[in-house]
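Asker: Just so it is clear, I am handing over model-v7.cif, which has mmCIF, N, CA and C atoms.
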```cif
data_my_file
loop_
_atom_site.label_atom_id
_atom_site.label_comp_id
_atom_site.auth_asym_id
_atom_site.auth_seq_id
_atom_site.Cartn_x
_atom_site.Cartn_y
_atom_site.Cartn_z
N MET A 28 103.11 -121.36 218.10
CA MET A 28 103.43 -120.56 219.27
C MET A 28 104.04 -119.21 218.89
N LYS A 29 104.92 -119.21 217.87
CA LYS A 29 105.55 -117.96 217.43
C LYS A 29 104.50 -117.00 216.87
N LYS A 30 103.51 -117.55 216.14
CA LYS A 30 102.46 -116.69 215.59
C LYS A 30 101.64 -116.07 216.72
N PHE A 31 101.39 -116.83 217.76
CA PHE A 31 100.60 -116.34 218.89
C PHE A 31 101.35 -115.20 219.61
N ILE A 32 102.65 -115.36 219.83
CA ILE A 32 103.46 -114.33 220.48
C ILE A 32 103.53 -113.08 219.60
N SER A 33 103.69 -113.29 218.30
CA SER A 33 103.72 -112.16 217.38
C SER A 33 102.39 -111.41 217.40
N LEU A 34 101.29 -112.13 217.44
CA LEU A 34 99.98 -111.51 217.48
C LEU A 34 99.81 -110.69 218.76
N ILE A 35 100.24 -111.23 219.89
CA ILE A 35 100.14 -110.51 221.16
C ILE A 35 101.01 -109.24 221.12
N LEU A 36 102.20 -109.33 220.55
CA LEU A 36 103.07 -108.16 220.44
C LEU A 36 102.45 -107.08 219.55
N VAL A 37 101.84 -107.47 218.46
CA VAL A 37 101.18 -106.51 217.57
C VAL A 37 100.02 -105.83 218.30
N ILE A 38 99.23 -106.60 219.00
CA ILE A 38 98.10 -106.03 219.75
C ILE A 38 98.60 -105.08 220.83
N LEU A 39 99.66 -105.45 221.53
CA LEU A 39 100.25 -104.57 222.54
C LEU A 39 100.75 -103.27 221.93
N MET A 40 101.38 -103.37 220.78
CA MET A 40 101.90 -102.17 220.12
C MET A 40 100.77 -101.23 219.71
N ILE A 41 99.63 -101.82 219.29
CA ILE A 41 98.50 -100.99 218.89
C ILE A 41 97.94 -100.22 220.09
N PHE A 42 97.81 -100.87 221.23
CA PHE A 42 97.23 -100.21 222.40
C PHE A 42 98.20 -99.29 223.12
N VAL A 43 99.47 -99.53 223.00
CA VAL A 43 100.46 -98.71 223.71
C VAL A 43 100.94 -97.53 222.87
N SER A 44 100.77 -97.61 221.57
CA SER A 44 101.30 -96.54 220.72
C SER A 44 100.57 -95.23 220.98
N VAL A 45 101.32 -94.15 220.81
CA VAL A 45 100.77 -92.81 220.99
C VAL A 45 100.57 -92.20 219.61
N PRO A 46 99.38 -91.70 219.34
CA PRO A 46 99.17 -91.11 218.02
C PRO A 46 99.98 -89.83 217.84
N VAL A 47 100.55 -89.67 216.67
CA VAL A 47 101.32 -88.47 216.34
C VAL A 47 100.63 -87.82 215.16
N TYR A 48 100.36 -86.55 215.29
CA TYR A 48 99.68 -85.79 214.24
C TYR A 48 100.68 -84.89 213.54
N ALA A 49 100.36 -84.51 212.33
CA ALA A 49 101.26 -83.66 211.56
C ALA A 49 101.53 -82.34 212.27
N ASP A 50 100.54 -81.80 212.99
CA ASP A 50 100.74 -80.55 213.71
C ASP A 50 101.82 -80.67 214.78
N ASP A 51 101.97 -81.85 215.34
CA ASP A 51 102.98 -82.06 216.38
C ASP A 51 104.40 -82.02 215.80
N LEU A 52 104.53 -82.24 214.50
CA LEU A 52 105.84 -82.32 213.90
C LEU A 52 106.33 -80.99 213.34
N VAL A 53 105.47 -79.99 213.31
CA VAL A 53 105.84 -78.69 212.77
C VAL A 53 106.71 -77.95 213.77
N ALA A 54 107.88 -77.57 213.35
CA ALA A 54 108.79 -76.83 214.23
C ALA A 54 108.61 -75.34 213.98
N SER A 55 108.31 -74.60 215.02
CA SER A 55 108.17 -73.16 214.85
C SER A 55 109.52 -72.52 215.13
N PRO A 56 109.78 -71.40 214.46
CA PRO A 56 111.07 -70.75 214.66
C PRO A 56 111.20 -70.20 216.08
N TYR A 57 112.38 -70.24 216.59
CA TYR A 57 112.65 -69.71 217.92
C TYR A 57 113.66 -68.58 217.76
N TYR A 58 113.24 -67.41 218.18
CA TYR A 58 114.11 -66.25 218.07
C TYR A 58 114.54 -65.82 219.46
N LEU A 59 115.80 -65.49 219.60
CA LEU A 59 116.32 -65.09 220.90
C LEU A 59 115.94 -63.67 221.27
N HIS A 60 115.97 -62.76 220.31
CA HIS A 60 115.76 -61.35 220.60
C HIS A 60 114.52 -60.76 219.95
N ILE A 61 113.94 -61.46 219.00
CA ILE A 61 112.78 -60.96 218.27
C ILE A 61 111.51 -61.50 218.91
N ARG A 62 110.63 -60.58 219.29
CA ARG A 62 109.35 -60.99 219.88
C ARG A 62 108.36 -61.31 218.76
N LEU A 63 108.23 -60.41 217.78
CA LEU A 63 107.36 -60.67 216.64
C LEU A 63 107.83 -59.89 215.44
N MET A 64 107.46 -60.38 214.27
CA MET A 64 107.76 -59.68 213.03
C MET A 64 106.75 -60.11 211.99
N GLY A 65 106.46 -59.21 211.09
CA GLY A 65 105.53 -59.51 210.01
C GLY A 65 105.88 -58.68 208.79
N HIS A 66 105.46 -59.16 207.64
CA HIS A 66 105.76 -58.43 206.41
C HIS A 66 104.69 -58.72 205.36
N ALA A 67 104.47 -57.73 204.48
CA ALA A 67 103.51 -57.89 203.40
C ALA A 67 103.97 -57.08 202.19
N PHE A 68 103.78 -57.67 201.03
CA PHE A 68 104.09 -57.00 199.77
C PHE A 68 103.01 -57.41 198.80
N ASP A 69 102.30 -56.42 198.23
CA ASP A 69 101.22 -56.73 197.33
C ASP A 69 101.09 -55.64 196.27
N ILE A 70 100.79 -56.06 195.06
CA ILE A 70 100.59 -55.14 193.94
C ILE A 70 99.17 -55.34 193.42
N ASN A 71 98.45 -54.25 193.28
CA ASN A 71 97.16 -54.29 192.59
C ASN A 71 97.48 -54.31 191.10
N THR A 72 97.26 -55.44 190.45
CA THR A 72 97.68 -55.60 189.06
C THR A 72 96.78 -54.84 188.09
N GLN A 73 95.74 -54.20 188.57
CA GLN A 73 94.92 -53.33 187.73
C GLN A 73 95.49 -51.91 187.68
N THR A 74 95.99 -51.44 188.83
CA THR A 74 96.42 -50.04 188.93
C THR A 74 97.92 -49.84 189.15
N GLY A 75 98.60 -50.87 189.63
CA GLY A 75 100.03 -50.73 189.96
C GLY A 75 100.26 -50.25 191.38
N ALA A 76 99.18 -49.95 192.11
CA ALA A 76 99.32 -49.53 193.51
C ALA A 76 99.93 -50.67 194.31
N THR A 77 100.96 -50.35 195.07
CA THR A 77 101.74 -51.37 195.78
C THR A 77 101.81 -51.04 197.26
N ILE A 78 101.72 -52.07 198.06
CA ILE A 78 101.82 -51.93 199.52
C ILE A 78 103.09 -52.64 199.98
N VAL A 79 103.88 -51.94 200.78
CA VAL A 79 105.06 -52.52 201.42
C VAL A 79 104.90 -52.29 202.92
N ASP A 80 104.64 -53.34 203.66
CA ASP A 80 104.44 -53.24 205.11
C ASP A 80 105.37 -54.22 205.82
N ALA A 81 105.92 -53.76 206.92
CA ALA A 81 106.74 -54.64 207.77
C ALA A 81 106.72 -54.08 209.18
N ASN A 82 106.73 -54.97 210.15
CA ASN A 82 106.79 -54.53 211.54
C ASN A 82 107.60 -55.52 212.37
N MET A 83 108.13 -55.01 213.46
CA MET A 83 109.02 -55.83 214.29
C MET A 83 109.00 -55.30 215.71
N THR A 84 108.99 -56.21 216.66
CA THR A 84 109.14 -55.87 218.08
C THR A 84 110.20 -56.79 218.65
N ILE A 85 111.11 -56.22 219.44
CA ILE A 85 112.19 -57.04 220.00
C ILE A 85 111.97 -57.28 221.49
N LYS A 86 112.47 -58.43 221.97
CA LYS A 86 112.45 -58.78 223.39
C LYS A 86 113.63 -58.15 224.11
N SER A 87 114.77 -58.24 223.45
CA SER A 87 115.99 -57.72 224.06
C SER A 87 116.90 -57.21 222.97
N GLY A 88 117.84 -56.39 223.36
CA GLY A 88 118.73 -55.76 222.40
C GLY A 88 118.58 -54.26 222.52
N SER A 89 119.48 -53.53 221.93
CA SER A 89 119.47 -52.09 222.03
C SER A 89 118.43 -51.46 221.10
N TYR A 90 118.43 -51.88 219.83
CA TYR A 90 117.45 -51.37 218.87
C TYR A 90 117.34 -52.34 217.70
N CYS A 91 116.34 -52.11 216.84
CA CYS A 91 116.12 -52.98 215.69
C CYS A 91 115.95 -52.14 214.44
N THR A 92 116.20 -52.77 213.29
CA THR A 92 116.00 -52.11 212.00
C THR A 92 115.27 -53.06 211.06
N ILE A 93 114.56 -52.45 210.13
CA ILE A 93 113.90 -53.20 209.05
C ILE A 93 114.32 -52.54 207.74
N ALA A 94 114.68 -53.36 206.77
CA ALA A 94 114.92 -52.87 205.41
C ALA A 94 114.01 -53.66 204.48
N ALA A 95 113.33 -52.93 203.60
CA ALA A 95 112.46 -53.56 202.61
C ALA A 95 112.94 -53.11 201.23
N GLU A 96 113.43 -54.05 200.44
CA GLU A 96 113.97 -53.74 199.11
C GLU A 96 113.03 -54.26 198.03
N VAL A 97 112.39 -53.35 197.32
CA VAL A 97 111.52 -53.71 196.20
C VAL A 97 112.41 -53.89 194.97
N GLN A 98 112.28 -55.04 194.31
CA GLN A 98 113.13 -55.38 193.18
C GLN A 98 112.28 -55.84 192.00
N HIS A 99 112.80 -55.65 190.79
CA HIS A 99 112.15 -56.21 189.61
C HIS A 99 113.16 -57.07 188.84
N LYS A 100 112.61 -58.03 188.09
CA LYS A 100 113.46 -58.95 187.33
C LYS A 100 113.67 -58.41 185.93
N GLU A 101 114.95 -58.33 185.56
CA GLU A 101 115.32 -57.82 184.24
C GLU A 101 116.46 -58.69 183.72
N ASN A 102 116.24 -59.36 182.59
CA ASN A 102 117.24 -60.27 182.00
C ASN A 102 117.71 -61.32 183.01
N ASN A 103 116.77 -61.89 183.73
CA ASN A 103 117.03 -62.93 184.74
C ASN A 103 117.86 -62.46 185.93
N ASP A 104 118.00 -61.16 186.12
CA ASP A 104 118.67 -60.60 187.30
C ASP A 104 117.67 -59.73 188.05
N TRP A 105 117.85 -59.65 189.37
CA TRP A 105 117.00 -58.80 190.19
C TRP A 105 117.64 -57.43 190.32
N VAL A 106 116.87 -56.39 189.98
CA VAL A 106 117.33 -55.01 189.98
C VAL A 106 116.58 -54.26 191.08
N LEU A 107 117.33 -53.52 191.90
CA LEU A 107 116.73 -52.77 193.00
C LEU A 107 115.97 -51.56 192.49
N ASP A 108 114.71 -51.42 192.92
CA ASP A 108 113.90 -50.25 192.58
C ASP A 108 113.92 -49.22 193.70
N VAL A 109 113.62 -49.65 194.90
CA VAL A 109 113.56 -48.72 196.03
C VAL A 109 113.79 -49.50 197.32
N THR A 110 114.42 -48.81 198.30
CA THR A 110 114.63 -49.40 199.62
C THR A 110 113.98 -48.52 200.66
N TYR A 111 113.21 -49.14 201.54
CA TYR A 111 112.63 -48.44 202.68
C TYR A 111 113.31 -48.95 203.94
N ARG A 112 113.59 -48.04 204.86
CA ARG A 112 114.25 -48.42 206.12
C ARG A 112 113.52 -47.80 207.29
N ALA A 113 113.55 -48.53 208.40
CA ALA A 113 112.98 -48.02 209.65
C ALA A 113 113.78 -48.60 210.80
N ASN A 114 113.88 -47.86 211.89
CA ASN A 114 114.52 -48.40 213.08
C ASN A 114 113.80 -47.88 214.31
N GLY A 115 114.05 -48.53 215.42
CA GLY A 115 113.41 -48.13 216.66
C GLY A 115 113.76 -49.08 217.79
N SER A 116 113.19 -48.80 218.94
CA SER A 116 113.39 -49.67 220.09
C SER A 116 112.19 -49.50 221.03
N PRO A 117 111.46 -50.48 221.33
CA PRO A 117 111.57 -51.88 220.91
C PRO A 117 110.83 -52.20 219.63
N ASP A 118 110.23 -51.18 218.96
CA ASP A 118 109.44 -51.43 217.76
C ASP A 118 110.00 -50.68 216.55
N ALA A 119 109.76 -51.23 215.39
CA ALA A 119 110.04 -50.54 214.13
C ALA A 119 108.98 -50.99 213.13
N TYR A 120 108.60 -50.09 212.24
CA TYR A 120 107.63 -50.49 211.22
C TYR A 120 107.80 -49.67 209.95
N ILE A 121 107.41 -50.30 208.85
CA ILE A 121 107.39 -49.66 207.54
C ILE A 121 105.97 -49.80 207.02
N ASP A 122 105.43 -48.72 206.51
CA ASP A 122 104.09 -48.71 205.91
C ASP A 122 104.15 -47.75 204.72
N GLN A 123 104.45 -48.29 203.55
CA GLN A 123 104.66 -47.46 202.36
C GLN A 123 103.73 -47.88 201.23
N ASP A 124 103.26 -46.91 200.51
CA ASP A 124 102.49 -47.14 199.29
C ASP A 124 103.25 -46.52 198.13
N LEU A 125 103.30 -47.21 197.01
CA LEU A 125 103.95 -46.68 195.83
C LEU A 125 103.27 -47.26 194.60
N TYR A 126 103.60 -46.74 193.45
CA TYR A 126 103.09 -47.25 192.18
C TYR A 126 104.26 -47.80 191.39
N LEU A 127 104.10 -49.03 190.90
CA LEU A 127 105.16 -49.67 190.14
C LEU A 127 104.81 -49.69 188.65
N GLU A 128 105.84 -49.73 187.85
CA GLU A 128 105.70 -49.72 186.40
C GLU A 128 105.32 -51.11 185.88
N ARG A 129 104.37 -51.16 184.99
CA ARG A 129 103.97 -52.43 184.38
C ARG A 129 105.11 -52.96 183.50
N GLY A 130 105.19 -54.28 183.38
CA GLY A 130 106.16 -54.87 182.47
C GLY A 130 107.21 -55.72 183.16
N TYR A 131 107.09 -55.89 184.48
CA TYR A 131 108.13 -56.63 185.21
C TYR A 131 107.50 -57.61 186.20
N ILE A 132 108.34 -58.49 186.68
CA ILE A 132 108.01 -59.35 187.82
C ILE A 132 108.70 -58.71 189.03
N TYR A 133 107.96 -58.56 190.12
CA TYR A 133 108.47 -57.87 191.30
C TYR A 133 108.51 -58.80 192.51
N LYS A 134 109.38 -58.45 193.43
CA LYS A 134 109.41 -59.08 194.75
C LYS A 134 109.96 -58.06 195.74
N CYS A 135 109.82 -58.37 197.02
CA CYS A 135 110.38 -57.51 198.06
C CYS A 135 111.16 -58.39 199.03
N VAL A 136 112.38 -57.97 199.35
CA VAL A 136 113.22 -58.68 200.31
C VAL A 136 113.23 -57.88 201.61
N PHE A 137 112.80 -58.53 202.69
CA PHE A 137 112.72 -57.90 204.00
C PHE A 137 113.86 -58.40 204.88
N THR A 138 114.58 -57.48 205.50
CA THR A 138 115.66 -57.83 206.42
C THR A 138 115.35 -57.24 207.79
N PHE A 139 115.22 -58.11 208.78
CA PHE A 139 114.95 -57.72 210.16
C PHE A 139 116.22 -57.93 210.97
N THR A 140 116.70 -56.89 211.65
CA THR A 140 117.98 -56.97 212.35
C THR A 140 117.84 -56.41 213.76
N VAL A 141 118.49 -57.08 214.71
CA VAL A 141 118.55 -56.62 216.10
C VAL A 141 120.02 -56.35 216.43
N TYR A 142 120.26 -55.21 217.07
CA TYR A 142 121.62 -54.80 217.44
C TYR A 142 121.74 -54.74 218.96
N ASP A 143 122.96 -54.95 219.44
CA ASP A 143 123.23 -54.76 220.87
C ASP A 143 123.67 -53.33 221.13
N GLU A 144 124.05 -53.04 222.36
CA GLU A 144 124.42 -51.67 222.74
C GLU A 144 125.72 -51.19 222.08
N TYR A 145 126.47 -52.12 221.48
CA TYR A 145 127.71 -51.75 220.80
C TYR A 145 127.54 -51.72 219.29
N ASP A 146 126.32 -51.77 218.81
CA ASP A 146 125.96 -51.76 217.39
C ASP A 146 126.40 -53.02 216.64
N PHE A 147 126.57 -54.12 217.35
CA PHE A 147 126.83 -55.40 216.71
C PHE A 147 125.51 -56.10 216.45
N ILE A 148 125.43 -56.78 215.32
CA ILE A 148 124.22 -57.55 215.00
C ILE A 148 124.16 -58.77 215.91
N ILE A 149 123.04 -58.91 216.63
CA ILE A 149 122.89 -60.08 217.50
C ILE A 149 121.82 -61.05 216.98
N GLU A 150 121.00 -60.59 216.03
CA GLU A 150 120.04 -61.49 215.38
C GLU A 150 119.58 -60.83 214.08
N GLN A 151 119.44 -61.66 213.04
CA GLN A 151 119.00 -61.14 211.75
C GLN A 151 118.23 -62.22 211.01
N LYS A 152 117.09 -61.83 210.44
CA LYS A 152 116.27 -62.74 209.64
C LYS A 152 115.94 -62.05 208.33
N ILE A 153 116.02 -62.80 207.23
CA ILE A 153 115.75 -62.27 205.90
C ILE A 153 114.66 -63.11 205.25
N PHE A 154 113.66 -62.41 204.70
CA PHE A 154 112.55 -63.07 204.03
C PHE A 154 112.35 -62.44 202.66
N SER A 155 112.00 -63.26 201.69
CA SER A 155 111.66 -62.76 200.37
C SER A 155 110.18 -63.00 200.14
N SER A 156 109.50 -61.99 199.62
CA SER A 156 108.08 -62.15 199.33
C SER A 156 107.89 -63.06 198.13
N GLN A 157 106.65 -63.35 197.84
CA GLN A 157 106.34 -64.07 196.62
C GLN A 157 106.64 -63.16 195.43
N GLU A 158 106.91 -63.74 194.29
CA GLU A 158 107.12 -62.96 193.08
C GLU A 158 105.76 -62.64 192.47
N ILE A 159 105.57 -61.37 192.12
CA ILE A 159 104.30 -60.94 191.55
C ILE A 159 104.51 -60.52 190.10
N ASP A 160 103.80 -61.16 189.21
CA ASP A 160 103.91 -60.87 187.78
C ASP A 160 103.02 -59.67 187.45
N TYR A 161 103.65 -58.57 187.08
CA TYR A 161 102.92 -57.36 186.71
C TYR A 161 103.32 -56.94 185.30
N THR A 162 103.24 -57.91 184.39
CA THR A 162 103.61 -57.66 182.99
C THR A 162 102.40 -57.31 182.16
#
```
What is this structure when it is put down as C-alpha cells?
Answerer:
Amino acid sequence: MKKFISLILVILMIFVSVPVYADDLVASPYYLHIRLMGHAFDINTQTGATIVDANMTIKSGSYCTIAAEVQHKENNDWVLDVTYRANGSPDAYIDQDLYLERGYIYKCVFTFTVYDEYDFIIEQKIFSSQEIDYT
C-alpha cells in the first residue's frame, strides 16, 4: 500500500510540476536612474589602433558622466595611460580612437555616474573591459 501511495504521489508531482528553464533564472540588473549604457574597448593587434566607446542615457537625475580609463599592466600593476570624460543630460557618450604602444596588456575601466540637482551621486556603475594582450 505504501508503494502504491508513493507511486501516485510521484505521478502527481510529475504532472503538477512547472518546468523551469535557465533563462527564467537569469537576473537582469535593475537601475533606478540609468535607462541604458554600453561600452566597448578593442585593439587592432596588427596596427595598435584602439577604439574606446561608451554611451549612457538616464531616466532621472540632473546629469550623467562617463569616465573611460585606458590602463596597461606593468610589473603586475595597472598604470593609467589616458582618461576620457563626457557628461550630459540625459545623454553622454565617448567615441575615441587612439594608437597604443606594443608590449603591454591593456584594459579599460568605465565608470557611469548619475548626479542629482545638488551634485550628489545617486547611482554609479563601474565595468572593466576584457584584458587585451598587445605584446
Asker: Give me the residues within 6.5 Å of A:Asp143 as a PyMOL selection string, counting only N, CA and C atoms and dropping any in the same chain fewer than 4 places off.
Answerer: chain A and resi 88-90+147-149
Asker: If we count only N, CA and C atoms and set the cut-off at 6 Å, which residues sit around stretch 109-123 of chain A, ignoring sequence neighbours fewer than 3 positions away in its own chain? Please answer as a list in words.
Answerer: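 The residues satisfying every condition are Thr77, Ile78, Val79, Asp80, Ala81, Asn82, Met83, Thr84, Ile85, Ser89, Tyr90, Cys91, Thr92, Ile93, Ala94, Ala95, Glu96, Val97 and Gln98 of chain A.
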Asker: What gap, in Å, lies between atom CA of A:Phe154 and atom CA of A:Phe137?
Answerer: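 Here the two named atoms are 5.2 Å from each other.
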Asker: With only C-alpha atoms counted, which protein, DNA or RNA residues have an atom no more than 12 Å from (95.5, -53.2, 190.2) in the file frame? Please answer as a PyMOL selection string.
Answerer: chain A and resi 69-78+126-129+159-162
